[in-house]
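Structure data (TSV, C-alpha atoms) from input-v2.tsv:
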chain	number	residue	atom	x	y	z
J	1	MET	CA	93.46	-46.21	-13.86
J	2	LEU	CA	91.00	-43.60	-12.63
J	3	THR	CA	89.20	-41.15	-14.87
J	4	ALA	CA	87.54	-39.03	-12.17
J	5	ASP	CA	89.63	-37.00	-9.71
J	6	TYR	CA	88.48	-37.74	-6.16
J	7	ASP	CA	89.97	-34.53	-4.80
J	8	GLN	CA	87.98	-32.46	-7.28
J	9	LEU	CA	84.91	-34.55	-6.49
J	10	GLY	CA	85.44	-33.77	-2.81
J	11	LEU	CA	85.34	-37.37	-1.61
J	12	ARG	CA	85.98	-37.78	2.12
J	13	SER	CA	86.22	-40.77	4.41
J	14	GLY	CA	82.75	-41.76	5.53
J	15	ASP	CA	80.99	-40.39	2.43
J	16	LYS	CA	78.44	-42.61	0.74
J	17	ILE	CA	79.18	-42.83	-2.98
J	18	LEU	CA	77.40	-44.41	-5.93
J	19	ASP	CA	79.59	-45.71	-8.76
J	20	LEU	CA	77.06	-46.05	-11.59
J	21	GLY	CA	78.21	-48.31	-14.40
J	22	CYS	CA	81.01	-49.58	-12.20
J	23	GLY	CA	82.27	-52.12	-14.73
J	24	PHE	CA	84.91	-54.16	-12.94
J	25	GLY	CA	85.30	-51.63	-10.17
J	26	ARG	CA	88.26	-49.31	-10.73
J	27	HIS	CA	86.53	-46.26	-9.22
J	28	ALA	CA	84.70	-48.28	-6.56
J	29	PHE	CA	87.88	-49.87	-5.19
J	30	GLU	CA	89.74	-46.58	-4.88
J	31	ALA	CA	86.77	-44.98	-3.13
J	32	ALA	CA	86.68	-47.87	-0.65
J	33	ARG	CA	90.43	-47.50	-0.02
J	34	ARG	CA	89.75	-43.86	0.86
J	35	GLY	CA	87.21	-44.88	3.48
J	36	ALA	CA	84.00	-44.24	1.56
J	37	ARG	CA	80.86	-46.32	1.80
J	38	VAL	CA	80.57	-47.55	-1.78
J	39	VAL	CA	77.62	-48.82	-3.77
J	40	ALA	CA	78.89	-50.12	-7.13
J	41	LEU	CA	76.03	-50.57	-9.61
J	42	ASP	CA	76.11	-52.10	-13.07
J	43	ALA	CA	73.61	-53.67	-15.45
J	44	GLY	CA	75.88	-56.68	-16.01
J	45	ARG	CA	75.82	-59.62	-13.60
J	46	ASP	CA	79.43	-60.64	-14.34
J	47	GLU	CA	80.65	-57.15	-13.49
J	48	VAL	CA	78.69	-56.99	-10.23
J	49	GLU	CA	79.83	-60.44	-9.12
J	50	GLY	CA	83.43	-59.56	-9.98
J	51	VAL	CA	83.33	-56.36	-7.94
J	52	ALA	CA	81.76	-58.13	-4.96
J	53	ALA	CA	84.48	-60.80	-5.10
J	54	MET	CA	87.20	-58.16	-5.26
J	55	PHE	CA	85.80	-56.33	-2.23
J	56	SER	CA	86.05	-59.61	-0.30
J	57	ALA	CA	89.58	-60.21	-1.61
J	58	MET	CA	90.62	-56.71	-0.52
J	59	VAL	CA	89.43	-57.50	3.00
J	60	GLU	CA	91.35	-60.79	3.02
J	61	ALA	CA	94.48	-59.02	1.76
J	62	GLY	CA	94.22	-56.39	4.47
J	63	GLU	CA	93.55	-53.51	2.05
J	64	LEU	CA	90.16	-52.97	3.70
J	65	SER	CA	89.27	-53.60	7.31
J	66	PRO	CA	86.35	-55.99	7.93
J	67	ASP	CA	85.15	-53.53	10.59
J	68	THR	CA	85.02	-50.62	8.19
J	69	LEU	CA	83.99	-52.32	4.95
J	70	ARG	CA	80.64	-50.82	4.05
J	71	SER	CA	80.62	-51.44	0.34
J	72	ALA	CA	78.22	-53.34	-1.87
J	73	ALA	CA	77.82	-54.35	-5.51
J	74	VAL	CA	74.32	-54.14	-6.99
J	75	GLN	CA	72.85	-55.11	-10.35
J	76	GLY	CA	70.45	-52.44	-11.55
J	77	ASP	CA	69.08	-50.12	-14.22
J	78	ALA	CA	70.34	-46.56	-14.57
J	79	LEU	CA	66.81	-45.42	-15.47
J	80	HIS	CA	65.27	-46.91	-12.32
J	81	LEU	CA	67.81	-46.70	-9.51
J	82	PRO	CA	66.75	-48.76	-6.47
J	83	PHE	CA	67.60	-46.05	-3.92
J	84	PRO	CA	65.60	-43.37	-2.07
J	85	ASP	CA	65.96	-39.69	-2.91
J	86	GLY	CA	69.13	-38.08	-1.61
J	87	SER	CA	70.84	-41.36	-0.70
J	88	PHE	CA	74.39	-40.42	-1.71
J	89	ASP	CA	76.96	-37.75	-0.88
J	90	ARG	CA	78.87	-38.35	-4.12
J	91	VAL	CA	78.05	-39.93	-7.47
J	92	ILE	CA	80.36	-41.13	-10.25
J	93	CYS	CA	78.99	-42.01	-13.67
J	94	SER	CA	81.94	-43.00	-15.84
J	95	GLU	CA	81.64	-43.87	-19.56
J	96	VAL	CA	77.95	-44.78	-19.30
J	97	LEU	CA	75.71	-42.08	-20.77
J	98	GLU	CA	77.00	-42.56	-24.32
J	99	HIS	CA	75.41	-46.03	-24.23
J	100	ILE	CA	71.93	-45.03	-22.97
J	101	PRO	CA	69.20	-43.90	-25.40
J	102	ASP	CA	67.36	-41.98	-22.65
J	103	ASP	CA	70.37	-40.17	-21.26
J	104	LEU	CA	68.20	-37.41	-19.77
J	105	GLY	CA	66.28	-40.05	-17.83
J	106	ALA	CA	69.54	-41.45	-16.44
J	107	MET	CA	70.75	-37.94	-15.56
J	108	GLY	CA	67.49	-37.33	-13.74
J	109	GLU	CA	67.92	-40.49	-11.69
J	110	LEU	CA	71.50	-39.59	-10.81
J	111	THR	CA	70.32	-36.18	-9.63
J	112	ARG	CA	67.46	-37.68	-7.63
J	113	VAL	CA	69.64	-40.01	-5.56
J	114	LEU	CA	72.28	-37.33	-4.87
J	115	ARG	CA	71.68	-35.29	-1.70
J	116	ALA	CA	71.42	-31.53	-1.85
J	117	GLY	CA	74.93	-30.15	-1.62
J	118	GLY	CA	76.38	-33.42	-2.90
J	119	THR	CA	78.78	-33.63	-5.84
J	120	MET	CA	78.95	-35.67	-9.03
J	121	ALA	CA	81.54	-36.58	-11.66
J	122	VAL	CA	80.31	-37.58	-15.12
J	123	THR	CA	82.74	-38.87	-17.74
J	124	VAL	CA	82.10	-39.59	-21.43
J	125	PRO	CA	84.32	-40.00	-24.49
J	126	ARG	CA	85.64	-36.64	-25.70
J	127	PHE	CA	84.16	-35.30	-28.93
J	128	GLY	CA	87.29	-34.99	-31.11
J	129	PRO	CA	89.04	-38.31	-30.37
J	130	GLU	CA	85.71	-40.14	-30.42
J	131	LEU	CA	84.81	-38.67	-33.81
J	132	VAL	CA	88.08	-40.07	-35.20
J	133	ASN	CA	87.20	-43.53	-33.85
J	134	TRP	CA	83.77	-43.43	-35.49
J	135	ALA	CA	85.29	-42.28	-38.80
J	136	LEU	CA	87.87	-45.07	-38.80
J	137	SER	CA	85.62	-47.96	-37.78
J	138	ASP	CA	81.92	-48.79	-37.76
J	139	GLU	CA	82.57	-51.82	-35.57
J	140	TYR	CA	83.95	-49.55	-32.83
J	141	HIS	CA	80.49	-48.24	-32.01
J	142	ASN	CA	77.94	-50.10	-34.16
J	143	VAL	CA	77.67	-53.14	-31.88
J	144	PRO	CA	75.03	-54.24	-29.34
J	145	GLY	CA	75.35	-51.98	-26.32
J	146	GLY	CA	77.82	-49.74	-28.13
J	147	HIS	CA	78.15	-45.97	-28.21
J	148	ILE	CA	75.08	-44.29	-29.68
J	149	ARG	CA	76.13	-40.64	-29.49
J	150	ILE	CA	79.14	-38.34	-29.25
J	151	TYR	CA	78.87	-35.46	-26.79
J	152	ARG	CA	80.22	-31.99	-27.17
J	153	ARG	CA	81.03	-30.62	-23.72
J	154	SER	CA	78.51	-27.81	-24.11
J	155	VAL	CA	75.72	-30.30	-24.86
J	156	LEU	CA	76.64	-32.62	-21.99
J	157	GLU	CA	76.76	-29.75	-19.51
J	158	SER	CA	73.49	-28.27	-20.80
J	159	ARG	CA	71.68	-31.59	-20.36
J	160	LEU	CA	73.03	-32.05	-16.84
J	161	ARG	CA	72.06	-28.49	-15.90
J	162	SER	CA	68.53	-29.20	-17.16
J	163	ARG	CA	68.26	-31.90	-14.47
J	164	GLY	CA	68.98	-29.32	-11.75
J	165	LEU	CA	72.75	-29.64	-11.38
J	166	ARG	CA	75.36	-26.86	-11.41
J	167	VAL	CA	78.63	-27.35	-13.30
J	168	THR	CA	81.72	-26.65	-11.20
J	169	GLY	CA	84.54	-27.67	-13.52
J	170	HIS	CA	85.93	-30.11	-16.06
J	171	HIS	CA	89.14	-31.69	-17.29
J	172	TYR	CA	90.33	-34.24	-19.84
J	173	ALA	CA	91.88	-37.65	-19.13
J	174	HIS	CA	93.73	-40.55	-20.78
J	175	GLY	CA	95.79	-38.74	-23.39
J	176	LEU	CA	97.82	-41.88	-24.04
J	177	HIS	CA	94.70	-43.90	-24.80
J	178	SER	CA	93.38	-41.97	-27.81
J	179	PRO	CA	96.19	-43.01	-30.19
J	180	TYR	CA	95.79	-46.61	-29.02
J	181	TRP	CA	92.12	-46.63	-29.99
J	182	TRP	CA	92.80	-44.87	-33.28
J	183	LEU	CA	95.28	-47.64	-34.05
J	184	LYS	CA	92.76	-50.31	-33.00
J	185	CYS	CA	90.07	-48.78	-35.18
J	186	PHE	CA	92.47	-48.57	-38.14
J	187	VAL	CA	93.59	-52.22	-38.03
J	188	GLY	CA	90.30	-53.64	-36.71
J	189	THR	CA	88.97	-53.41	-33.16
J	190	THR	CA	89.19	-57.19	-32.64
J	191	ASN	CA	92.66	-57.52	-34.17
J	192	ASP	CA	94.56	-57.83	-30.90
J	193	GLU	CA	97.40	-59.77	-32.56
J	194	ASN	CA	98.57	-56.83	-34.65
J	195	ARG	CA	102.16	-56.19	-33.59
J	196	PHE	CA	101.68	-52.44	-33.23
J	197	VAL	CA	98.54	-52.92	-31.13
J	198	LYS	CA	100.34	-55.42	-28.92
J	199	ALA	CA	103.31	-53.10	-28.46
J	200	TYR	CA	101.11	-50.13	-27.58
J	201	HIS	CA	99.09	-52.28	-25.18
J	202	ARG	CA	102.29	-53.27	-23.38
J	203	LEU	CA	103.12	-49.58	-23.04
J	204	LEU	CA	99.73	-48.85	-21.46
J	205	VAL	CA	100.03	-51.77	-19.05
J	206	TRP	CA	103.53	-50.61	-18.08
J	207	ASP	CA	102.18	-47.14	-17.46
J	208	ILE	CA	99.34	-48.43	-15.27
J	209	MET	CA	101.53	-50.80	-13.27
J	210	LYS	CA	104.70	-48.73	-12.88
J	211	ALA	CA	103.62	-45.11	-13.53
J	212	PRO	CA	107.08	-44.17	-14.87
J	213	ARG	CA	107.95	-40.50	-15.05
J	214	ALA	CA	108.13	-40.47	-18.86
J	215	THR	CA	104.61	-41.75	-19.48
J	216	ARG	CA	103.16	-39.68	-16.61
J	217	LEU	CA	104.65	-36.57	-18.21
J	218	ALA	CA	103.31	-37.59	-21.62
J	219	GLU	CA	99.87	-38.12	-20.08
J	220	ARG	CA	99.85	-34.65	-18.54
J	221	VAL	CA	100.87	-33.07	-21.85
J	222	LEU	CA	98.52	-35.08	-24.08
J	223	SER	CA	95.35	-35.17	-21.97
J	224	PRO	CA	94.35	-31.53	-22.52
J	225	LEU	CA	95.02	-31.95	-26.25
J	226	ILE	CA	93.72	-35.42	-27.17
J	227	GLY	CA	92.50	-36.96	-23.90
J	228	LYS	CA	90.05	-39.76	-24.68
J	229	SER	CA	87.63	-38.78	-21.89
J	230	ILE	CA	86.11	-35.58	-20.62
J	231	VAL	CA	85.19	-35.36	-16.94
J	232	VAL	CA	82.55	-32.86	-15.82
J	233	TYR	CA	82.08	-32.03	-12.12
J	234	LEU	CA	78.76	-30.89	-10.73
J	235	VAL	CA	76.97	-30.05	-7.50
J	236	LYS	CA	73.31	-30.40	-6.58
J	237	PRO	CA	72.36	-26.99	-5.17
J	238	VAL	CA	70.91	-26.69	-1.70
J	239	PRO	CA	67.39	-25.23	-1.87
J	240	ALA	CA	67.11	-21.67	-0.62

Is it possible to give me this structure as C-alpha cells?
Amino acid sequence: MLTADYDQLGLRSGDKILDLGCGFGRHAFEAARRGARVVALDAGRDEVEGVAAMFSAMVEAGELSPDTLRSAAVQGDALHLPFPDGSFDRVICSEVLEHIPDDLGAMGELTRVLRAGGTMAVTVPRFGPELVNWALSDEYHNVPGGHIRIYRRSVLESRLRSRGLRVTGHHYAHGLHSPYWWLKCFVGTTNDENRFVKAYHRLLVWDIMKAPRATRLAERVLSPLIGKSIVVYLVKPVPA
C-alpha cells in the first residue's frame, strides 16, 4: 500500500529515484514497475537484503525485465548519504523523519542529492491521529528507534523550506489505519491476539489484497479527516 502518489510526484519511466528509509520496499517496487531506476536505502541490513531479494524475484517472475532492471538496495545513513550532489530526479522519504533526532540534517541531505528541478515526497504521521496514539500508549513511541516527535504540517513544511525546497502540495493517506492503531494502543501494541485487533487486521489485509469498492470508498472519505499520514510534495528550484 503506497503512501506517496507517483503522479503527483511526477515520476516517469527512466527517472532515477531514491527511496530513503525503504523498509521492505513498497515504494521501491512500484517505482521499478513504472520503469524508474530505483535506489532503495535503509539503515537496516535485513530490510536492504529483503528488498534486493525481491528485486531479483520480480525479474524471475517477469514483473521486471532483466534488460531494464536498474535498481539497487543500499544500506546507509540518512545524515550521510553516499551519493553525489544532484544524483536523483525524484526522492521519497516515507515515515522516516519522525525517528531522526537531526531531522534538519536529513532534510539537507535529501535536498543535496536531488537535482535542481527534481521533486520530492515526504511523509510523516499526521499530528492529530499521532497525538491520540501517544496519549493512549507510551510503548507506541517510547521504544528504541521509535517516534521522537509529532509534526504539525506547518512545522514540517517550514523545516523543508529552510533547506531550499518549495512546497507544491499535500494530502493525507491511510484513513482506515488510524482507528486500527488507536485500537492497538488501547489494548497494548504487542497484543496481536486481541480479537478486535485480529478482526481489524483481517479487514486491512483484505483491503490491500482485493481493494473492494466499500473499503476504497471509506478510505477516500476518512483520509482527509483522520488519515494516519500526511504527504508533502516539494520541488528543488532551478537557480536563476

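Nearest to Arg126 of chain J of all the residues J:Leu156, J:Met54, J:Leu81, J:Leu11 is J:Leu156, based on only C-alpha atoms.
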
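Distance check against Arg152 of chain J using all atoms listed in the file: of J:Ile230, J:Val132, J:Ala121, J:Ile100, the minimum falls on J:Ile230.
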
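Within 12 Å of Glu47 of chain J, once all atoms listed in the file are used and residues closer than 3 positions along the same chain are dropped, the contacting residues are Leu20, Gly21, Cys22, Gly23, Phe24, Gly25, Arg26, Ala28, Ala40, Leu41, Asp42, Ala43, Gly44, Gly50, Val51, Ala52, Ala53, Met54, Ala73, Val74, Gln75 and Gly76 of chain J.
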
Go ahead and write the residues just picked, C-alpha atoms, as a compact mmCIF listing (two decimals), in the coordinates of the input.
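Result file is result_13.txt:
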# COMPACT_ATOMS: atom_id res chain seq x y z
CA LEU J 20 77.06 -46.05 -11.59
CA GLY J 21 78.21 -48.31 -14.40
CA CYS J 22 81.01 -49.58 -12.20
CA GLY J 23 82.27 -52.12 -14.73
CA PHE J 24 84.91 -54.16 -12.94
CA GLY J 25 85.30 -51.63 -10.17
CA ARG J 26 88.26 -49.31 -10.73
CA ALA J 28 84.70 -48.28 -6.56
CA ALA J 40 78.89 -50.12 -7.13
CA LEU J 41 76.03 -50.57 -9.61
CA ASP J 42 76.11 -52.10 -13.07
CA ALA J 43 73.61 -53.67 -15.45
CA GLY J 44 75.88 -56.68 -16.01
CA GLY J 50 83.43 -59.56 -9.98
CA VAL J 51 83.33 -56.36 -7.94
CA ALA J 52 81.76 -58.13 -4.96
CA ALA J 53 84.48 -60.80 -5.10
CA MET J 54 87.20 -58.16 -5.26
CA ALA J 73 77.82 -54.35 -5.51
CA VAL J 74 74.32 -54.14 -6.99
CA GLN J 75 72.85 -55.11 -10.35
CA GLY J 76 70.45 -52.44 -11.55

Quick one: residues within 9 Å of segment 236-238 of chain J, only C-alpha atoms, excluding same-chain residues fewer than 6 positions away - as a PDB file with C-alpha atoms, keeping the file's coordinate frame?
ATOM      1  CA  THR J 111      70.320 -36.180  -9.630  1.00  0.00           C
ATOM      2  CA  LEU J 114      72.280 -37.330  -4.870  1.00  0.00           C
ATOM      3  CA  ARG J 115      71.680 -35.290  -1.700  1.00  0.00           C
ATOM      4  CA  ALA J 116      71.420 -31.530  -1.850  1.00  0.00           C
ATOM      5  CA  GLY J 117      74.930 -30.150  -1.620  1.00  0.00           C
ATOM      6  CA  GLY J 118      76.380 -33.420  -2.900  1.00  0.00           C
ATOM      7  CA  THR J 119      78.780 -33.630  -5.840  1.00  0.00           C
ATOM      8  CA  MET J 120      78.950 -35.670  -9.030  1.00  0.00           C
ATOM      9  CA  GLY J 164      68.980 -29.320 -11.750  1.00  0.00           C
ATOM     10  CA  LEU J 165      72.750 -29.640 -11.380  1.00  0.00           C
ATOM     11  CA  ARG J 166      75.360 -26.860 -11.410  1.00  0.00           C
TER      12      ARG J 166
END

Residues at most 10 Å from segment 133-136 of chain J, counting only C-alpha atoms, excluding those fewer than 2 positions away in the same chain, as a list of chain:residue names?
-> J:Gly128, J:Pro129, J:Glu130, J:Leu131, J:Asp138, J:Glu139, J:Tyr140, J:His141, J:Asn142, J:His147, J:Ile150, J:Ser178, J:Pro179, J:Trp181, J:Trp182, J:Leu183, J:Lys184, J:Cys185, J:Phe186, J:Val187, J:Gly188

Hey, which bits of segment 159-199 of chain J sit within 9 Å of segment 211-219 of chain J, and for each residue what's the closest pair of atoms and how far apart in Å (one decimal), counting only C-alpha atoms, rows by chain and increasing number, as a tab-separated table?
residue	atom	partner	partner_atom	distance
J:Ala173	CA	J:Glu219	CA	8.1
J:His174	CA	J:Glu219	CA	6.6
J:Gly175	CA	J:Glu219	CA	5.3
J:Leu176	CA	J:Glu219	CA	5.8

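If you look at atom CA of Asp19 of chain J and atom CA of Gly105 of chain J, they are 17.1 Å away from each other.
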
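Proximity ranking of J:Val235, J:Ser71, J:Gly62, J:Asp5 relative to Val167 of chain J places J:Val235 first, based on all atoms listed in the file.
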
Correct to one decimal, the distance atom CA of Arg163 of chain J-atom CA of Leu104 of chain J is 7.6 Å

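Nearest-residue note for Gly10 of chain J: choosing from J:Ile226, J:Leu110, J:Val205, J:Ala36, the minimum distance belongs to J:Ala36, counting all atoms listed in the file.
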
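Our summary of the geometry notes that atom CA of Asp192 of chain J is positioned 27.6 Å from atom CA of Tyr151 of chain J.
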
Which residue out of J:Leu9, J:Ser158, J:Thr190, J:His170 has the minimum interatomic distance to Ser137 of chain J when only C-alpha atoms are used?
-> J:Thr190

Using all atoms listed in the file, which residues sit within 10 Å of Thr3 of chain J once same-chain residues fewer than 3 positions away are excluded, as a PDB file with C-alpha atoms, in the frame of the given file?
ATOM      1  CA  TYR J   6      88.480 -37.740  -6.160  1.00  0.00           C
ATOM      2  CA  ARG J  26      88.260 -49.310 -10.730  1.00  0.00           C
ATOM      3  CA  HIS J  27      86.530 -46.260  -9.220  1.00  0.00           C
ATOM      4  CA  ILE J  92      80.360 -41.130 -10.250  1.00  0.00           C
ATOM      5  CA  SER J  94      81.940 -43.000 -15.840  1.00  0.00           C
ATOM      6  CA  GLU J  95      81.640 -43.870 -19.560  1.00  0.00           C
ATOM      7  CA  ALA J 121      81.540 -36.580 -11.660  1.00  0.00           C
ATOM      8  CA  VAL J 122      80.310 -37.580 -15.120  1.00  0.00           C
ATOM      9  CA  THR J 123      82.740 -38.870 -17.740  1.00  0.00           C
ATOM     10  CA  VAL J 124      82.100 -39.590 -21.430  1.00  0.00           C
ATOM     11  CA  HIS J 171      89.140 -31.690 -17.290  1.00  0.00           C
ATOM     12  CA  TYR J 172      90.330 -34.240 -19.840  1.00  0.00           C
ATOM     13  CA  ALA J 173      91.880 -37.650 -19.130  1.00  0.00           C
ATOM     14  CA  HIS J 174      93.730 -40.550 -20.780  1.00  0.00           C
ATOM     15  CA  LYS J 228      90.050 -39.760 -24.680  1.00  0.00           C
ATOM     16  CA  SER J 229      87.630 -38.780 -21.890  1.00  0.00           C
ATOM     17  CA  ILE J 230      86.110 -35.580 -20.620  1.00  0.00           C
ATOM     18  CA  VAL J 231      85.190 -35.360 -16.940  1.00  0.00           C
TER      19      VAL J 231
END

Output segment 32-59 of chain J as a PDB file, in the frame of the given file, making sure N, CA and C atoms are there.
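Below you can see rebuild_21.pdb, which holds the result:
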ATOM      1  N   ALA J  32      86.675 -47.063  -1.870  1.00  0.00           N
ATOM      2  CA  ALA J  32      86.680 -47.870  -0.650  1.00  0.00           C
ATOM      3  C   ALA J  32      88.007 -47.721   0.086  1.00  0.00           C
ATOM      4  N   ARG J  33      89.112 -47.694  -0.656  1.00  0.00           N
ATOM      5  CA  ARG J  33      90.430 -47.500  -0.020  1.00  0.00           C
ATOM      6  C   ARG J  33      90.498 -46.163   0.712  1.00  0.00           C
ATOM      7  N   ARG J  34      89.749 -45.182   0.227  1.00  0.00           N
ATOM      8  CA  ARG J  34      89.750 -43.860   0.860  1.00  0.00           C
ATOM      9  C   ARG J  34      88.735 -43.749   1.997  1.00  0.00           C
ATOM     10  N   GLY J  35      88.099 -44.862   2.321  1.00  0.00           N
ATOM     11  CA  GLY J  35      87.210 -44.880   3.480  1.00  0.00           C
ATOM     12  C   GLY J  35      85.768 -44.569   3.181  1.00  0.00           C
ATOM     13  N   ALA J  36      85.387 -44.531   1.912  1.00  0.00           N
ATOM     14  CA  ALA J  36      84.000 -44.240   1.560  1.00  0.00           C
ATOM     15  C   ALA J  36      83.138 -45.488   1.689  1.00  0.00           C
ATOM     16  N   ARG J  37      81.851 -45.251   1.874  1.00  0.00           N
ATOM     17  CA  ARG J  37      80.860 -46.320   1.800  1.00  0.00           C
ATOM     18  C   ARG J  37      80.391 -46.396   0.353  1.00  0.00           C
ATOM     19  N   VAL J  38      80.720 -47.468  -0.327  1.00  0.00           N
ATOM     20  CA  VAL J  38      80.570 -47.550  -1.780  1.00  0.00           C
ATOM     21  C   VAL J  38      79.394 -48.443  -2.148  1.00  0.00           C
ATOM     22  N   VAL J  39      78.575 -47.969  -3.079  1.00  0.00           N
ATOM     23  CA  VAL J  39      77.620 -48.820  -3.770  1.00  0.00           C
ATOM     24  C   VAL J  39      78.016 -48.821  -5.243  1.00  0.00           C
ATOM     25  N   ALA J  40      78.457 -49.970  -5.734  1.00  0.00           N
ATOM     26  CA  ALA J  40      78.890 -50.120  -7.130  1.00  0.00           C
ATOM     27  C   ALA J  40      77.748 -50.779  -7.891  1.00  0.00           C
ATOM     28  N   LEU J  41      77.188 -50.064  -8.865  1.00  0.00           N
ATOM     29  CA  LEU J  41      76.030 -50.570  -9.610  1.00  0.00           C
ATOM     30  C   LEU J  41      76.358 -50.729 -11.068  1.00  0.00           C
ATOM     31  N   ASP J  42      75.932 -51.856 -11.645  1.00  0.00           N
ATOM     32  CA  ASP J  42      76.110 -52.100 -13.070  1.00  0.00           C
ATOM     33  C   ASP J  42      74.949 -52.955 -13.563  1.00  0.00           C
ATOM     34  N   ALA J  43      74.676 -52.854 -14.868  1.00  0.00           N
ATOM     35  CA  ALA J  43      73.610 -53.670 -15.450  1.00  0.00           C
ATOM     36  C   ALA J  43      74.064 -55.117 -15.664  1.00  0.00           C
ATOM     37  N   GLY J  44      75.367 -55.346 -15.715  1.00  0.00           N
ATOM     38  CA  GLY J  44      75.880 -56.680 -16.010  1.00  0.00           C
ATOM     39  C   GLY J  44      76.134 -57.518 -14.761  1.00  0.00           C
ATOM     40  N   ARG J  45      75.644 -58.743 -14.766  1.00  0.00           N
ATOM     41  CA  ARG J  45      75.820 -59.620 -13.600  1.00  0.00           C
ATOM     42  C   ARG J  45      77.285 -59.986 -13.397  1.00  0.00           C
ATOM     43  N   ASP J  46      78.014 -60.272 -14.481  1.00  0.00           N
ATOM     44  CA  ASP J  46      79.430 -60.640 -14.340  1.00  0.00           C
ATOM     45  C   ASP J  46      80.222 -59.519 -13.672  1.00  0.00           C
ATOM     46  N   GLU J  47      79.940 -58.281 -14.074  1.00  0.00           N
ATOM     47  CA  GLU J  47      80.650 -57.150 -13.490  1.00  0.00           C
ATOM     48  C   GLU J  47      80.356 -57.020 -11.997  1.00  0.00           C
ATOM     49  N   VAL J  48      79.086 -57.127 -11.641  1.00  0.00           N
ATOM     50  CA  VAL J  48      78.690 -56.990 -10.230  1.00  0.00           C
ATOM     51  C   VAL J  48      79.298 -58.097  -9.378  1.00  0.00           C
ATOM     52  N   GLU J  49      79.254 -59.329  -9.879  1.00  0.00           N
ATOM     53  CA  GLU J  49      79.830 -60.440  -9.120  1.00  0.00           C
ATOM     54  C   GLU J  49      81.339 -60.282  -8.997  1.00  0.00           C
ATOM     55  N   GLY J  50      81.985 -59.775 -10.043  1.00  0.00           N
ATOM     56  CA  GLY J  50      83.430 -59.560  -9.980  1.00  0.00           C
ATOM     57  C   GLY J  50      83.817 -58.500  -8.971  1.00  0.00           C
ATOM     58  N   VAL J  51      83.044 -57.414  -8.901  1.00  0.00           N
ATOM     59  CA  VAL J  51      83.330 -56.360  -7.940  1.00  0.00           C
ATOM     60  C   VAL J  51      83.108 -56.852  -6.514  1.00  0.00           C
ATOM     61  N   ALA J  52      82.017 -57.593  -6.297  1.00  0.00           N
ATOM     62  CA  ALA J  52      81.760 -58.130  -4.960  1.00  0.00           C
ATOM     63  C   ALA J  52      82.889 -59.055  -4.521  1.00  0.00           C
ATOM     64  N   ALA J  53      83.374 -59.895  -5.429  1.00  0.00           N
ATOM     65  CA  ALA J  53      84.480 -60.800  -5.100  1.00  0.00           C
ATOM     66  C   ALA J  53      85.750 -60.026  -4.784  1.00  0.00           C
ATOM     67  N   MET J  54      85.996 -58.946  -5.510  1.00  0.00           N
ATOM     68  CA  MET J  54      87.200 -58.160  -5.260  1.00  0.00           C
ATOM     69  C   MET J  54      87.126 -57.438  -3.917  1.00  0.00           C
ATOM     70  N   PHE J  55      85.946 -56.929  -3.555  1.00  0.00           N
ATOM     71  CA  PHE J  55      85.800 -56.330  -2.230  1.00  0.00           C
ATOM     72  C   PHE J  55      86.188 -57.332  -1.145  1.00  0.00           C
ATOM     73  N   SER J  56      85.714 -58.564  -1.279  1.00  0.00           N
ATOM     74  CA  SER J  56      86.050 -59.610  -0.300  1.00  0.00           C
ATOM     75  C   SER J  56      87.549 -59.901  -0.310  1.00  0.00           C
ATOM     76  N   ALA J  57      88.149 -59.938  -1.509  1.00  0.00           N
ATOM     77  CA  ALA J  57      89.580 -60.210  -1.610  1.00  0.00           C
ATOM     78  C   ALA J  57      90.393 -59.073  -0.980  1.00  0.00           C
ATOM     79  N   MET J  58      89.912 -57.842  -1.119  1.00  0.00           N
ATOM     80  CA  MET J  58      90.620 -56.710  -0.520  1.00  0.00           C
ATOM     81  C   MET J  58      90.595 -56.788   1.006  1.00  0.00           C
ATOM     82  N   VAL J  59      89.496 -57.296   1.555  1.00  0.00           N
ATOM     83  CA  VAL J  59      89.430 -57.500   3.000  1.00  0.00           C
ATOM     84  C   VAL J  59      90.425 -58.578   3.423  1.00  0.00           C
TER      85      VAL J  59
END
